[in-house]
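Chemist: Let me give you the structure first, and then I'll get to my questions.
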Amino acid sequence: DAGVTQSPTHLIKTRGQQVTLRCSPKSGHDTVSWYQQALGQGPQFIFQYYEEEERQRGNFPDRFSGHQFPNYSSELNVNALLLGDSALYLCASSHRGYNSPLHFGNGTRLTVT
Amino acid sequence: EDQVTQSPEALRLQEGESSSLNCSYTVSGLRGLFWYRQDPGKGPEFLFTLYSAGEEKEKERLKATLTKKESFLHITAPKPEDSATYLCAASGGSYIPTFGRGTSLIVHP
């Protein structure tokens, strides 16, 4: 039973560029959440998708956007990259979302130079 | 605003030396308190969910407990393979977990 898979595992981009990160949820899960984890910090909530709609959003600017597809997979897009966007981006899936434990992928390490 | 504070930031133990990690939380209407383990370069791995004060959960050498203001993760007779960062998260009315910064545990053989 495949868990949460994310791609790519590592990515290096230049300031001002745009990036797309991808996530496939655990089998049987329909809700996808995205988190940003800076070095030495806990994960910070970006947004959550359910039934192809953004259900909730954290304190992140509009440069961060997402999408969920009918097969429940999801993308995170970040425009106009800043140096401060360098972090580990974690995707987590859950069943129905409300209070179910999150199952995380191993993340995408984004470095902005 | 929901807040979660973990202490200590780092903990070094000798193999077999039991200890506890603390997670203090401030959320409006606790819906769940979660513990995760995170190994370097990996995503967090789910350990426990606690829902109400007085609840306890156990898994191997780990035991999580919950009060109205904090949760503890007790580690009994730890082994080097227990070395990791332990994250606590609490969800309130929004059902979105807010994470603490974690406790980095190193267990020396």
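Residues in the structure tokens are numbered from 1 in each chain, the chains being A, B, ... in the order shown, and ligands are numbered from 1 in the order shown.
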Which residues of chain A come within 6 Å of chain B, and what is each one's closest atom pair and distance in Å (one decimal), counting only C-alpha atoms, sorted by chain and residue number, as JSON lines?
Modeler:
{"residue": "A:Gln41", "atom": "CA", "partner": "B:Arg101", "partner_atom": "CA", "distance": 4.8}
{"residue": "A:Gly42", "atom": "CA", "partner": "B:Arg101", "partner_atom": "CA", "distance": 4.1}
{"residue": "A:Tyr98", "atom": "CA", "partner": "B:Tyr95", "partner_atom": "CA", "distance": 5.7}
{"residue": "A:Asn99", "atom": "CA", "partner": "B:Tyr95", "partner_atom": "CA", "distance": 5.7}
{"residue": "A:Phe104", "atom": "CA", "partner": "B:Gly43", "partner_atom": "CA", "distance": 5.5}
{"residue": "A:Gly105", "atom": "CA", "partner": "B:Gly43", "partner_atom": "CA", "distance": 5.4}
{"residue": "A:Asn106", "atom": "CA", "partner": "B:Gly43", "partner_atom": "CA", "distance": 4.1}
Chemist: For the selection just defined, write its residues with N, CA, C and O atoms to a file, as a PDB file, in the first residue's frame.
Modeler:
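Now in out_25.pdb:
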ATOM      1  N   GLN A  41      12.367  24.276  12.365  1.00  0.00           N
ATOM      2  CA  GLN A  41      11.016  24.724  12.734  1.00  0.00           C
ATOM      3  C   GLN A  41      10.021  23.593  12.571  1.00  0.00           C
ATOM      4  O   GLN A  41      10.302  22.580  11.924  1.00  0.00           O
ATOM      5  N   GLY A  42       8.847  23.797  13.133  1.00  0.00           N
ATOM      6  CA  GLY A  42       7.767  22.861  12.899  1.00  0.00           C
ATOM      7  C   GLY A  42       7.073  23.182  11.588  1.00  0.00           C
ATOM      8  O   GLY A  42       7.224  24.278  11.041  1.00  0.00           O
ATOM      9  N   TYR A  98     -11.310  16.055   8.517  1.00  0.00           N
ATOM     10  CA  TYR A  98     -11.595  16.602   9.835  1.00  0.00           C
ATOM     11  C   TYR A  98     -11.094  15.683  10.927  1.00  0.00           C
ATOM     12  O   TYR A  98     -11.645  14.632  11.171  1.00  0.00           O
ATOM     13  N   ASN A  99      -9.999  16.108  11.567  1.00  0.00           N
ATOM     14  CA  ASN A  99      -9.437  15.443  12.731  1.00  0.00           C
ATOM     15  C   ASN A  99      -8.829  14.080  12.474  1.00  0.00           C
ATOM     16  O   ASN A  99      -8.453  13.397  13.403  1.00  0.00           O
ATOM     17  N   PHE A 104       2.163  11.984   6.148  1.00  0.00           N
ATOM     18  CA  PHE A 104       3.044  12.847   5.385  1.00  0.00           C
ATOM     19  C   PHE A 104       3.888  12.090   4.375  1.00  0.00           C
ATOM     20  O   PHE A 104       4.277  10.925   4.594  1.00  0.00           O
ATOM     21  N   GLY A 105       4.197  12.783   3.270  1.00  0.00           N
ATOM     22  CA  GLY A 105       5.245  12.323   2.378  1.00  0.00           C
ATOM     23  C   GLY A 105       6.593  12.780   2.914  1.00  0.00           C
ATOM     24  O   GLY A 105       6.673  13.428   3.967  1.00  0.00           O
ATOM     25  N   ASN A 106       7.652  12.456   2.179  1.00  0.00           N
ATOM     26  CA  ASN A 106       8.994  12.826   2.615  1.00  0.00           C
ATOM     27  C   ASN A 106       9.407  14.217   2.159  1.00  0.00           C
ATOM     28  O   ASN A 106      10.514  14.661   2.446  1.00  0.00           O
TER      29      ASN A 106
END
Chemist: Would you please give, as JSON, numbers by chain, all residues of segment 23-105 of chain B that DSSP assigns to strand (DSSP E or B) based on the backbone?
Modeler: {"B": [23, 24, 25, 26, 32, 33, 34, 35, 36, 37, 38, 45, 46, 47, 48, 49, 50, 56, 57, 58, 59, 62, 63, 64, 65, 66, 70, 71, 72, 73, 74, 75, 84, 85, 86, 87, 88, 89, 90, 91, 98, 99, 103, 104, 105]}
Chemist: How many Å lie between atom CA of Ser27 of chain A and atom CA of Lys63 of chain B, rounded to one decimal?
Modeler: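 The value is 28.4 Å.
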Chemist: Smallest atom-to-atom distance to Phe60 of chain A: which of A:Glu75, A:Gly3, A:Thr20, A:Trp34, using only C-alpha atoms?
Modeler: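 Distance minimum relative to Phe60 of chain A lands on A:Trp34.
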Chemist: What does the distance from atom CA of Thr113 of chain A to atom CA of Ile12 of chain A come to in Å, to one decimal?
Modeler: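 Taking atom CA of Thr113 of chain A as the start and atom CA of Ile12 of chain A as the end point, the length is 7.4 Å.
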Chemist: Could you give me, as a list in words, the residues within 8 Å of segment 13-24 of chain B, counting only C-alpha atoms and dropping anything in the same chain fewer than 5 positions from it?
Modeler: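 Result of the neighbour search: Val4, Thr5, Gln6, Ser7, Pro8, Lys69, Glu70, Ser71, Phe72, Leu73, His74, Ile75, Thr76, Ala77, Pro78, Lys79, Pro80, Cys88, Gly100, Thr103, Leu105, Ile106, Val107, His108 and Pro109 of chain B.
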Chemist: Filtering to N, CA and C atoms, could you give me those residues as a tab-separated table (two decimals), in the first residue's frame?
Modeler:
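As written to disk, out_20.tsv reads:
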chain	number	residue	atom	x	y	z
B	4	VAL	N	1.32	26.14	20.11
B	4	VAL	CA	1.88	24.90	20.65
B	4	VAL	C	3.36	25.14	20.96
B	5	THR	N	3.76	24.85	22.19
B	5	THR	CA	5.14	25.06	22.62
B	5	THR	C	5.70	23.75	23.15
B	6	GLN	N	6.85	23.36	22.63
B	6	GLN	CA	7.46	22.10	23.07
B	6	GLN	C	8.75	22.37	23.84
B	7	SER	N	8.98	21.55	24.84
B	7	SER	CA	10.22	21.64	25.60
B	7	SER	C	10.67	20.26	26.06
B	8	PRO	N	11.99	20.05	26.22
B	8	PRO	CA	13.05	20.98	25.81
B	8	PRO	C	13.21	20.99	24.29
B	69	LYS	N	-4.06	21.30	29.56
B	69	LYS	CA	-3.14	22.34	29.08
B	69	LYS	C	-1.89	21.79	28.40
B	70	GLU	N	-1.58	20.51	28.63
B	70	GLU	CA	-0.34	19.98	28.07
B	70	GLU	C	-0.42	18.48	27.83
B	71	SER	N	0.55	18.03	27.05
B	71	SER	CA	0.68	16.61	26.78
B	71	SER	C	2.13	16.23	27.04
B	72	PHE	N	2.32	14.99	27.46
B	72	PHE	CA	3.66	14.49	27.68
B	72	PHE	C	3.88	13.24	26.83
B	73	LEU	N	5.10	13.13	26.32
B	73	LEU	CA	5.51	11.90	25.65
B	73	LEU	C	6.60	11.29	26.51
B	74	HIS	N	6.23	10.19	27.17
B	74	HIS	CA	7.17	9.50	28.05
B	74	HIS	C	7.91	8.44	27.25
B	75	ILE	N	9.24	8.41	27.40
B	75	ILE	CA	10.06	7.43	26.70
B	75	ILE	C	10.74	6.57	27.77
B	76	THR	N	10.39	5.30	27.76
B	76	THR	CA	10.90	4.37	28.77
B	76	THR	C	12.03	3.53	28.19
B	77	ALA	N	13.16	3.53	28.89
B	77	ALA	CA	14.34	2.74	28.49
B	77	ALA	C	14.64	2.93	27.01
B	78	PRO	N	14.91	4.16	26.58
B	78	PRO	CA	15.10	4.41	25.14
B	78	PRO	C	16.31	3.70	24.57
B	79	LYS	N	16.24	3.45	23.25
B	79	LYS	CA	17.33	2.86	22.49
B	79	LYS	C	17.81	3.88	21.46
B	80	PRO	N	19.03	3.69	20.95
B	80	PRO	CA	19.54	4.66	19.94
B	80	PRO	C	18.60	4.86	18.76
B	88	CYS	N	4.78	17.76	18.22
B	88	CYS	CA	3.45	17.77	18.80
B	88	CYS	C	2.60	18.73	17.98
B	100	GLY	N	4.17	22.37	16.96
B	100	GLY	CA	5.27	22.96	17.70
B	100	GLY	C	6.56	22.82	16.91
B	103	THR	N	11.04	18.55	19.60
B	103	THR	CA	12.14	18.24	20.51
B	103	THR	C	13.06	17.26	19.80
B	105	LEU	N	15.66	14.56	19.97
B	105	LEU	CA	16.12	13.56	20.94
B	105	LEU	C	17.28	12.77	20.37
B	106	ILE	N	18.36	12.71	21.14
B	106	ILE	CA	19.50	11.86	20.79
B	106	ILE	C	19.72	10.89	21.93
B	107	VAL	N	19.75	9.59	21.59
B	107	VAL	CA	19.98	8.55	22.58
B	107	VAL	C	21.33	7.91	22.29
B	108	HIS	N	22.24	8.04	23.24
B	108	HIS	CA	23.59	7.50	23.08
B	108	HIS	C	23.66	6.06	23.57
B	109	PRO	N	24.39	5.19	22.82
B	109	PRO	CA	24.51	3.79	23.26
B	109	PRO	C	25.41	3.68	24.48
Chemist: What is the atom CA of Val19 of chain A-atom CA of Val112 of chain A distance in Å, reported with one decimal?
Modeler: 10.2 Å
Chemist: Residues near Thr67 of chain B, anyone? I mean within 8 Å using only C-alpha atoms, not counting same-chain ones fewer than 5 positions away, as JSON, numbers by chain.
Modeler: {"B": [52, 53, 54]}
Chemist: Ranking A:Cys23, A:Val4, A:Leu90, A:Leu11 by minimum distance to Ile46 of chain A and counting only C-alpha atoms, which one comes first?
Modeler: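 Closest to Ile46 of chain A of all the choices is A:Leu90.
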